[in-house]
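Q: Structure: upload22.cif, mmCIF, C-alpha atoms; chains and numbers go by the auth columns.
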data_work
loop_
_atom_site.group_PDB
_atom_site.id
_atom_site.type_symbol
_atom_site.label_atom_id
_atom_site.label_comp_id
_atom_site.label_asym_id
_atom_site.label_seq_id
_atom_site.Cartn_x
_atom_site.Cartn_y
_atom_site.Cartn_z
_atom_site.B_iso_or_equiv
_atom_site.auth_seq_id
_atom_site.auth_asym_id
ATOM 1 C CA MET A 1 75.240 18.577 18.015 0.00 1400 J
ATOM 2 C CA GLU A 2 74.813 16.811 14.682 0.00 1401 J
ATOM 3 C CA LEU A 3 73.681 18.206 11.345 0.00 1402 J
ATOM 4 C CA ARG A 4 72.233 16.019 8.589 0.00 1403 J
ATOM 5 C CA PHE A 5 72.125 16.926 4.932 0.00 1404 J
ATOM 6 C CA HIS A 6 70.096 15.229 2.213 0.00 1405 J
ATOM 7 C CA ARG A 7 69.980 15.444 -1.575 0.00 1406 J
ATOM 8 C CA THR A 8 67.885 18.074 -3.296 0.00 1407 J
ATOM 9 C CA ASN A 9 64.366 17.286 -4.444 0.00 1408 J
ATOM 10 C CA ARG A 10 62.899 19.330 -7.258 0.00 1409 J
ATOM 11 C CA THR A 11 60.786 16.798 -9.121 0.00 1410 J
ATOM 12 C CA THR A 12 58.313 15.535 -6.532 0.00 1411 J
ATOM 13 C CA ILE A 13 56.076 18.598 -6.335 0.00 1412 J
ATOM 14 C CA VAL A 14 56.057 19.183 -10.099 0.00 1413 J
ATOM 15 C CA THR A 15 55.173 15.592 -10.967 0.00 1414 J
ATOM 16 C CA TRP A 16 52.468 15.444 -8.310 0.00 1415 J
ATOM 17 C CA ILE A 17 50.894 18.709 -9.547 0.00 1416 J
ATOM 18 C CA ILE A 18 50.866 17.507 -13.153 0.00 1417 J
ATOM 19 C CA GLY A 19 49.566 14.103 -12.024 0.00 1418 J
ATOM 20 C CA ALA A 20 46.780 15.729 -10.005 0.00 1419 J
ATOM 21 C CA ALA A 21 45.809 17.904 -12.992 0.00 1420 J
ATOM 22 C CA LEU A 22 45.688 14.852 -15.279 0.00 1421 J
ATOM 23 C CA PHE A 23 43.697 12.909 -12.690 0.00 1422 J
ATOM 24 C CA ALA A 24 41.190 15.767 -12.402 0.00 1423 J
ATOM 25 C CA LEU A 25 40.947 15.922 -16.199 0.00 1424 J
ATOM 26 C CA TYR A 26 40.329 12.169 -16.254 0.00 1425 J
ATOM 27 C CA LYS A 27 37.600 12.377 -13.593 0.00 1426 J
ATOM 28 C CA VAL A 28 35.837 15.387 -15.130 0.00 1427 J
ATOM 29 C CA THR A 29 35.979 14.585 -18.837 0.00 1428 J
ATOM 30 C CA GLY A 30 36.654 10.843 -18.874 0.00 1429 J
ATOM 31 C CA ILE A 31 39.680 11.270 -21.170 0.00 1430 J
ATOM 32 C CA ASN A 32 41.878 8.262 -20.473 0.00 1431 J
ATOM 33 C CA LEU A 33 45.465 9.368 -21.391 0.00 1432 J
ATOM 34 C CA PHE A 34 46.612 5.833 -20.540 0.00 1433 J
ATOM 35 C CA HIS A 35 46.461 6.585 -16.799 0.00 1434 J
ATOM 36 C CA ALA A 36 49.550 8.803 -16.962 0.00 1435 J
ATOM 37 C CA HIS A 37 48.641 10.285 -13.581 0.00 1436 J
ATOM 38 C CA TYR A 38 49.542 6.966 -11.891 0.00 1437 J
ATOM 39 C CA TYR A 39 52.936 7.093 -13.553 0.00 1438 J
ATOM 40 C CA LEU A 40 53.503 10.679 -12.396 0.00 1439 J
ATOM 41 C CA PHE A 41 52.455 9.882 -8.817 0.00 1440 J
ATOM 42 C CA THR A 42 54.871 6.930 -8.813 0.00 1441 J
ATOM 43 C CA VAL A 43 57.733 9.010 -10.212 0.00 1442 J
ATOM 44 C CA GLY A 44 57.055 11.696 -7.600 0.00 1443 J
ATOM 45 C CA PHE A 45 57.108 9.102 -4.822 0.00 1444 J
ATOM 46 C CA LEU A 46 60.397 7.621 -6.080 0.00 1445 J
ATOM 47 C CA SER A 47 61.865 11.111 -6.306 0.00 1446 J
ATOM 48 C CA LEU A 48 60.782 11.741 -2.718 0.00 1447 J
ATOM 49 C CA LEU A 49 62.538 8.550 -1.604 0.00 1448 J
ATOM 50 C CA LEU A 50 65.716 9.521 -3.462 0.00 1449 J
ATOM 51 C CA SER A 51 65.699 12.973 -1.888 0.00 1450 J
ATOM 52 C CA ARG A 52 65.822 11.402 1.563 0.00 1451 J
ATOM 53 C CA ASN A 53 69.078 9.784 0.512 0.00 1452 J
ATOM 54 C CA LYS A 54 72.053 10.684 2.703 0.00 1453 J
ATOM 55 C CA TYR A 55 74.358 13.453 1.536 0.00 1454 J
ATOM 56 C CA ALA A 56 76.465 14.352 4.590 0.00 1455 J
ATOM 57 C CA PHE A 57 76.559 14.335 8.392 0.00 1456 J
ATOM 58 C CA ALA A 58 78.478 16.864 10.453 0.00 1457 J
ATOM 59 C CA ASN A 59 79.282 16.908 14.149 0.00 1458 J
ATOM 60 C CA ASP A 60 81.996 18.188 16.481 0.00 1459 J
ATOM 61 C CA PHE A 61 84.386 15.482 15.247 0.00 1460 J
ATOM 62 C CA GLY A 62 84.148 16.177 11.492 0.00 1461 J
ATOM 63 C CA VAL A 63 82.029 15.907 8.376 0.00 1462 J
ATOM 64 C CA SER A 64 81.100 12.661 6.612 0.00 1463 J
ATOM 65 C CA ILE A 65 80.302 12.987 2.911 0.00 1464 J
ATOM 66 C CA PHE A 66 78.628 9.949 1.374 0.00 1465 J
ATOM 67 C CA TYR A 67 79.773 8.579 -1.974 0.00 1466 J
ATOM 68 C CA GLY A 68 79.112 5.520 -4.069 0.00 1467 J
ATOM 69 C CA PRO A 69 76.102 3.831 -5.665 0.00 1468 J
ATOM 70 C CA LEU A 70 72.631 4.457 -4.287 0.00 1469 J
ATOM 71 C CA LEU A 71 72.220 1.478 -1.949 0.00 1470 J
ATOM 72 C CA LEU A 72 75.925 0.960 -1.210 0.00 1471 J
ATOM 73 C CA LYS A 73 76.862 4.462 -0.034 0.00 1472 J
ATOM 74 C CA LYS A 74 79.974 4.756 2.106 0.00 1473 J
ATOM 75 C CA PRO A 75 80.960 7.700 4.293 0.00 1474 J
ATOM 76 C CA LEU A 76 84.106 9.680 3.620 0.00 1475 J
ATOM 77 C CA LEU A 77 85.021 10.951 7.087 0.00 1476 J
ATOM 78 C CA LEU A 78 86.904 14.229 7.053 0.00 1477 J
ATOM 79 C CA LYS A 79 88.037 15.341 10.514 0.00 1478 J
ATOM 80 C CA TRP A 80 87.921 19.056 11.178 0.00 1479 J
ATOM 81 C CA ASP A 81 91.680 19.195 11.792 0.00 1480 J
ATOM 82 C CA VAL A 82 92.233 17.842 8.241 0.00 1481 J
ATOM 83 C CA VAL A 83 89.759 20.135 6.413 0.00 1482 J
ATOM 84 C CA ASP A 84 91.364 23.422 5.430 0.00 1483 J
ATOM 85 C CA SER A 85 88.643 25.172 3.443 0.00 1484 J
ATOM 86 C CA MET A 86 85.441 24.793 1.475 0.00 1485 J
ATOM 87 C CA GLN A 87 85.048 27.252 -1.357 0.00 1486 J
ATOM 88 C CA LEU A 88 82.509 27.677 -4.122 0.00 1487 J
ATOM 89 C CA SER A 89 84.011 27.093 -7.528 0.00 1488 J
ATOM 90 C CA SER A 90 82.940 25.974 -10.952 0.00 1489 J
ATOM 91 C CA SER A 91 83.407 22.606 -12.563 0.00 1490 J
ATOM 92 C CA ASN A 92 84.058 22.430 -16.284 0.00 1491 J
ATOM 93 C CA PHE A 93 83.042 19.380 -18.264 0.00 1492 J
ATOM 94 C CA SER A 94 82.548 18.494 -21.894 0.00 1493 J
ATOM 95 C CA ARG A 95 79.783 16.464 -23.483 0.00 1494 J
ATOM 96 C CA LYS A 96 78.836 15.332 -26.947 0.00 1495 J
ATOM 97 C CA GLN A 97 75.802 16.948 -28.509 0.00 1496 J
ATOM 98 C CA THR A 98 74.296 16.793 -31.973 0.00 1497 J
ATOM 99 C CA LEU A 99 73.907 20.028 -33.887 0.00 1498 J
ATOM 100 C CA GLY A 100 71.352 20.742 -36.542 0.00 1499 J
ATOM 101 C CA ALA A 101 67.870 19.465 -37.191 0.00 1500 J
ATOM 102 C CA ARG A 102 68.303 17.562 -40.427 0.00 1501 J
ATOM 103 C CA VAL A 103 72.004 16.822 -40.382 0.00 1502 J
ATOM 104 C CA GLN A 104 72.922 15.284 -37.045 0.00 1503 J
ATOM 105 C CA ALA A 105 76.489 16.575 -36.827 0.00 1504 J
ATOM 106 C CA PRO A 106 78.142 15.569 -33.535 0.00 1505 J
ATOM 107 C CA ALA A 107 79.971 18.303 -31.668 0.00 1506 J
ATOM 108 C CA LYS A 108 81.830 18.547 -28.407 0.00 1507 J
ATOM 109 C CA MET A 109 80.301 21.164 -26.092 0.00 1508 J
ATOM 110 C CA ASN A 110 81.954 22.636 -22.994 0.00 1509 J
ATOM 111 C CA ALA A 111 79.838 23.600 -20.005 0.00 1510 J
ATOM 112 C CA SER A 112 80.437 24.941 -16.531 0.00 1511 J
ATOM 113 C CA VAL A 113 78.402 24.205 -13.393 0.00 1512 J
ATOM 114 C CA GLY A 114 78.697 25.316 -9.783 0.00 1513 J
ATOM 115 C CA ALA A 115 80.691 23.090 -7.454 0.00 1514 J
ATOM 116 C CA LEU A 116 82.213 23.049 -3.992 0.00 1515 J
ATOM 117 C CA LYS A 117 85.959 22.553 -3.620 0.00 1516 J
ATOM 118 C CA VAL A 118 87.026 20.976 -0.328 0.00 1517 J
ATOM 119 C CA THR A 119 90.714 21.564 0.335 0.00 1518 J
ATOM 120 C CA LEU A 120 92.467 19.283 2.817 0.00 1519 J
ATOM 121 C CA ILE A 121 95.597 20.027 4.853 0.00 1520 J
ATOM 122 C CA GLU A 122 96.937 16.510 4.306 0.00 1521 J
ATOM 123 C CA PRO A 123 96.015 14.268 1.376 0.00 1522 J
ATOM 124 C CA LEU A 124 93.807 11.210 1.592 0.00 1523 J
ATOM 125 C CA SER A 125 95.521 7.837 1.759 0.00 1524 J
ATOM 126 C CA ASP A 126 96.242 6.079 -1.530 0.00 1525 J
ATOM 127 C CA GLU A 127 93.971 3.151 -0.627 0.00 1526 J
ATOM 128 C CA LEU A 128 91.072 5.503 0.093 0.00 1527 J
ATOM 129 C CA GLN A 129 91.622 7.382 -3.176 0.00 1528 J
ATOM 130 C CA VAL A 130 91.557 4.142 -5.169 0.00 1529 J
ATOM 131 C CA GLN A 131 88.432 2.990 -3.310 0.00 1530 J
ATOM 132 C CA ILE A 132 86.592 6.277 -3.922 0.00 1531 J
ATOM 133 C CA LYS A 133 87.526 6.367 -7.607 0.00 1532 J
ATOM 134 C CA SER A 134 86.322 2.791 -8.122 0.00 1533 J
ATOM 135 C CA TYR A 135 82.996 3.605 -6.436 0.00 1534 J
ATOM 136 C CA LEU A 136 82.616 6.766 -8.518 0.00 1535 J
ATOM 137 C CA SER A 137 83.020 4.759 -11.712 0.00 1536 J
ATOM 138 C CA LYS A 138 79.986 2.638 -10.675 0.00 1537 J
ATOM 139 C CA CYS A 139 77.757 5.567 -9.722 0.00 1538 J
ATOM 140 C CA LEU A 140 75.486 7.404 -12.156 0.00 1539 J
ATOM 141 C CA PHE A 141 75.126 10.725 -10.314 0.00 1540 J
ATOM 142 C CA PRO A 142 77.842 10.913 -7.652 0.00 1541 J
ATOM 143 C CA PRO A 143 77.958 13.844 -5.229 0.00 1542 J
ATOM 144 C CA VAL A 144 81.765 13.657 -5.265 0.00 1543 J
ATOM 145 C CA GLU A 145 82.855 14.559 -8.766 0.00 1544 J
ATOM 146 C CA ALA A 146 86.590 14.246 -8.566 0.00 1545 J
ATOM 147 C CA ILE A 147 89.661 13.993 -6.412 0.00 1546 J
ATOM 148 C CA ASN A 148 92.863 15.578 -7.650 0.00 1547 J
ATOM 149 C CA ASP A 149 95.991 13.484 -8.262 0.00 1548 J
ATOM 150 C CA ILE A 150 97.599 14.402 -4.945 0.00 1549 J
ATOM 151 C CA GLY A 151 94.408 13.698 -3.010 0.00 1550 J
ATOM 152 C CA ASP A 152 94.150 16.981 -1.115 0.00 1551 J
ATOM 153 C CA GLU A 153 91.201 18.459 -3.068 0.00 1552 J
ATOM 154 C CA ILE A 154 87.720 16.991 -3.390 0.00 1553 J
ATOM 155 C CA ILE A 155 85.160 18.547 -5.721 0.00 1554 J
ATOM 156 C CA LEU A 156 81.467 18.122 -4.926 0.00 1555 J
ATOM 157 C CA LYS A 157 79.160 18.772 -7.865 0.00 1556 J
ATOM 158 C CA LYS A 158 75.695 17.903 -6.492 0.00 1557 J
ATOM 159 C CA PRO A 159 74.494 20.293 -3.780 0.00 1558 J
ATOM 160 C CA PRO A 160 72.429 19.203 -0.782 0.00 1559 J
ATOM 161 C CA ILE A 161 69.061 20.724 0.066 0.00 1560 J
ATOM 162 C CA GLY A 162 69.569 24.475 0.346 0.00 1561 J
ATOM 163 C CA GLY A 163 72.607 24.605 -1.937 0.00 1562 J
ATOM 164 C CA PHE A 164 76.316 24.888 -1.323 0.00 1563 J
ATOM 165 C CA ASN A 165 76.159 28.316 0.361 0.00 1564 J
ATOM 166 C CA ASP A 166 73.803 27.017 3.025 0.00 1565 J
ATOM 167 C CA PHE A 167 75.927 23.865 3.403 0.00 1566 J
ATOM 168 C CA VAL A 168 79.142 25.828 4.056 0.00 1567 J
ATOM 169 C CA GLN A 169 77.358 28.312 6.313 0.00 1568 J
ATOM 170 C CA LYS A 170 75.948 25.534 8.504 0.00 1569 J
ATOM 171 C CA LEU A 171 79.314 23.777 8.643 0.00 1570 J
ATOM 172 C CA SER A 172 81.016 26.991 9.755 0.00 1571 J
ATOM 173 C CA ILE A 173 79.345 26.424 13.154 0.00 1572 J
ATOM 174 C CA PHE A 174 81.983 23.751 13.759 0.00 1573 J
ATOM 175 C CA LYS A 175 85.007 25.327 12.048 0.00 1574 J
ATOM 176 C CA ASP A 176 85.976 28.442 10.108 0.00 1575 J
ATOM 177 C CA LEU A 177 86.167 27.171 6.522 0.00 1576 J
ATOM 178 C CA SER A 178 87.634 30.260 4.862 0.00 1577 J
ATOM 179 C CA GLY A 179 91.004 28.594 4.314 0.00 1578 J
ATOM 180 C CA ARG A 180 93.343 30.968 6.126 0.00 1579 J
ATOM 181 C CA THR A 181 94.829 28.280 8.358 0.00 1580 J
ATOM 182 C CA LYS A 182 96.673 26.144 5.812 0.00 1581 J
ATOM 183 C CA SER A 183 100.183 25.407 6.988 0.00 1582 J
ATOM 184 C CA LEU A 184 102.155 22.292 6.175 0.00 1583 J
ATOM 185 C CA SER A 185 104.862 22.372 8.818 0.00 1584 J
#
Re-express the file's structure as structure tokens.

A:
Amino acid sequence: MELRFHRTNRTTIVTWIIGAALFALYKVTGINLFHAHYYLFTVGFLSLLLSRNKYAFANDFGVSIFYGPLLLKKPLLLKWDVVDSMQLSSSNFSRKQTLGARVQAPAKMNASVGALKVTLIEPLSDELQVQIKSYLSKCLFPPVEAINDIGDEIILKKPPIGGFNDFVQKLSIFKDLSGRTKSLS
């Protein structure tokens, strides 16, 4: 048995609905709007293609989470005997934002988003950690956000279709991911 997970897709339907409304407005009234409906149909199609992008595969052997730039994705194979737990957590990050309407004062804002923490029984190899971190520096929106310094925790920040709860629930078919089995003996 093999499960496949893909990235979420929230923009396709919205852009196609707005594009269809603008196209109907163009046909009925003749208002040109610079043919924006073609742009919205194209953006919706590109969003549909991106949503079919690989996120993860799972089978009886383990789970493969894909990382790296869009066309050069590589699988990170995690065998079930190495994965200890997958737990929902939050990821804190800071960003720069301008405050005020007239005076553009820069400020540092802290935010928190939902994430999935994958805890491993044994850490990843040093070569693999270096390879993943170099790929993550080239990627705009990576599904793998970070790996801790030891290499035994991976944080996923982008959920697949259905969200992280559905992802962990479907993976629990293969292994109990509650984290009660961690023993380093």

Q: For the PyMOL selection byres ((chain J and resi 1563-1576) around 7), applied here, can you spell out every residue it catches as a list in words?

A: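 Applying the PyMOL selection byres ((chain J and resi 1563-1576) around 7) to the structure shown produces Asp1459, Trp1479, Asp1483, Ser1484, Met1485, Leu1515, Pro1558, Pro1559, Gly1561, Gly1562, Ser1577 and Gly1578 of chain J.
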
Q: CA of Leu1471 (chain J) to CA of Tyr1534 (chain J): how many Å, to one decimal?

A: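 Distance reported for this atom pair: 9.2 Å.
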
Q: Need to verify the contact set: Glu1552 (chain J), 6 Å, all atoms listed in the file, exclusion of same-chain residues closer than 6 positions in sequence. Can you return it as a PyMOL selection string?

A: chain J and resi 1517-1518+1546

Q: Given the file above and the PyMOL selection byres ((chain J and resi 1415) around 9), which residues are selected, and can you give them as a list in words?

A: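 So the PyMOL selection byres ((chain J and resi 1415) around 9), applied here, picks out Thr1410, Thr1411, Ile1412, Val1413, Thr1414, Ile1416, Ile1417, Gly1418, Ala1419, Ala1420, His1436, Leu1439, Phe1440, Thr1441, Val1442, Gly1443 and Phe1444 of chain J.
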
Q: Calculate how many Å separate CA of Asp1480 (chain J) from CA of Phe1460 (chain J), rounding to one decimal.

A: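 Distance between the two atoms: 8.9 Å.
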
Q: Would you please work out which residue, of J:Val1482, J:Lys1556, J:Arg1403, J:Gly1467, is nearest to Lys1532 (chain J) when using only C-alpha atoms?

A: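 Between J:Val1482, J:Lys1556, J:Arg1403, J:Gly1467, the residue approaching Lys1532 (chain J) most closely is J:Gly1467.
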
Q: Pick from J:Ile1531, J:Ile1520, J:Phe1456, J:Val1427: nearest to Val1481 (chain J), with only C-alpha atoms counted?

A: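 Of J:Ile1531, J:Ile1520, J:Phe1456, J:Val1427, the one nearest Val1481 (chain J) is J:Ile1520, counting only C-alpha atoms.
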
Q: What does the PyMOL selection byres ((chain J and resi 1406) around 6) select in this file, as a PyMOL selection string?

A: chain J and resi 1405+1407+1450+1454+1559-1560

Q: Generate N, CA and C atoms for region 1541-1565 of chain J and emit them as a short mmCIF file (atom, residue, chain, number, x, y, z; two decimals), in the frame of the given file.

A:
data_model
loop_
_atom_site.label_atom_id
_atom_site.label_comp_id
_atom_site.auth_asym_id
_atom_site.auth_seq_id
_atom_site.Cartn_x
_atom_site.Cartn_y
_atom_site.Cartn_z
N PRO J 1541 77.16 10.83 -8.94
CA PRO J 1541 77.84 10.91 -7.65
C PRO J 1541 77.88 12.34 -7.12
N PRO J 1542 77.79 12.50 -5.79
CA PRO J 1542 77.96 13.84 -5.23
C PRO J 1542 79.41 14.28 -5.27
N VAL J 1543 80.35 13.34 -5.16
CA VAL J 1543 81.76 13.66 -5.26
C VAL J 1543 82.13 13.51 -6.73
N GLU J 1544 82.54 14.61 -7.34
CA GLU J 1544 82.86 14.56 -8.77
C GLU J 1544 84.27 14.06 -9.01
N ALA J 1545 85.21 14.59 -8.28
CA ALA J 1545 86.59 14.25 -8.57
C ALA J 1545 87.47 14.47 -7.35
N ILE J 1546 88.59 13.79 -7.38
CA ILE J 1546 89.66 13.99 -6.41
C ILE J 1546 90.90 14.27 -7.24
N ASN J 1547 91.68 15.28 -6.85
CA ASN J 1547 92.86 15.58 -7.65
C ASN J 1547 93.91 14.48 -7.48
N ASP J 1548 94.98 14.54 -8.25
CA ASP J 1548 95.99 13.48 -8.26
C ASP J 1548 96.71 13.35 -6.92
N ILE J 1549 96.91 14.45 -6.24
CA ILE J 1549 97.60 14.40 -4.94
C ILE J 1549 96.66 13.87 -3.87
N GLY J 1550 95.39 14.17 -3.98
CA GLY J 1550 94.41 13.70 -3.01
C GLY J 1550 94.09 14.70 -1.93
N ASP J 1551 94.45 15.98 -2.14
CA ASP J 1551 94.15 16.98 -1.12
C ASP J 1551 93.02 17.93 -1.52
N GLU J 1552 92.37 17.68 -2.64
CA GLU J 1552 91.20 18.46 -3.07
C GLU J 1552 90.10 17.51 -3.53
N ILE J 1553 88.90 17.76 -3.01
CA ILE J 1553 87.72 16.99 -3.39
C ILE J 1553 86.72 17.98 -3.96
N ILE J 1554 86.14 17.66 -5.10
CA ILE J 1554 85.16 18.55 -5.72
C ILE J 1554 83.79 17.88 -5.65
N LEU J 1555 82.85 18.58 -5.03
CA LEU J 1555 81.47 18.12 -4.93
C LEU J 1555 80.65 18.85 -5.98
N LYS J 1556 79.91 18.11 -6.80
CA LYS J 1556 79.16 18.77 -7.86
C LYS J 1556 77.66 18.80 -7.63
N LYS J 1557 77.13 17.91 -6.78
CA LYS J 1557 75.69 17.90 -6.49
C LYS J 1557 75.47 18.55 -5.13
N PRO J 1558 74.71 19.64 -5.07
CA PRO J 1558 74.49 20.29 -3.78
C PRO J 1558 73.43 19.58 -2.95
N PRO J 1559 73.50 19.72 -1.64
CA PRO J 1559 72.43 19.20 -0.78
C PRO J 1559 71.24 20.15 -0.80
N ILE J 1560 70.22 19.84 -0.03
CA ILE J 1560 69.06 20.72 0.07
C ILE J 1560 69.53 22.07 0.60
N GLY J 1561 69.17 23.14 -0.06
CA GLY J 1561 69.57 24.48 0.35
C GLY J 1561 70.76 25.00 -0.43
N GLY J 1562 71.48 24.17 -1.13
CA GLY J 1562 72.61 24.60 -1.94
C GLY J 1562 73.92 24.61 -1.17
N PHE J 1563 74.98 24.91 -1.90
CA PHE J 1563 76.32 24.89 -1.32
C PHE J 1563 76.54 26.02 -0.33
N ASN J 1564 75.97 27.21 -0.58
CA ASN J 1564 76.16 28.32 0.36
C ASN J 1564 75.61 27.97 1.73
N ASP J 1565 74.42 27.42 1.77
CA ASP J 1565 73.80 27.02 3.02
C ASP J 1565 74.61 25.90 3.69
#
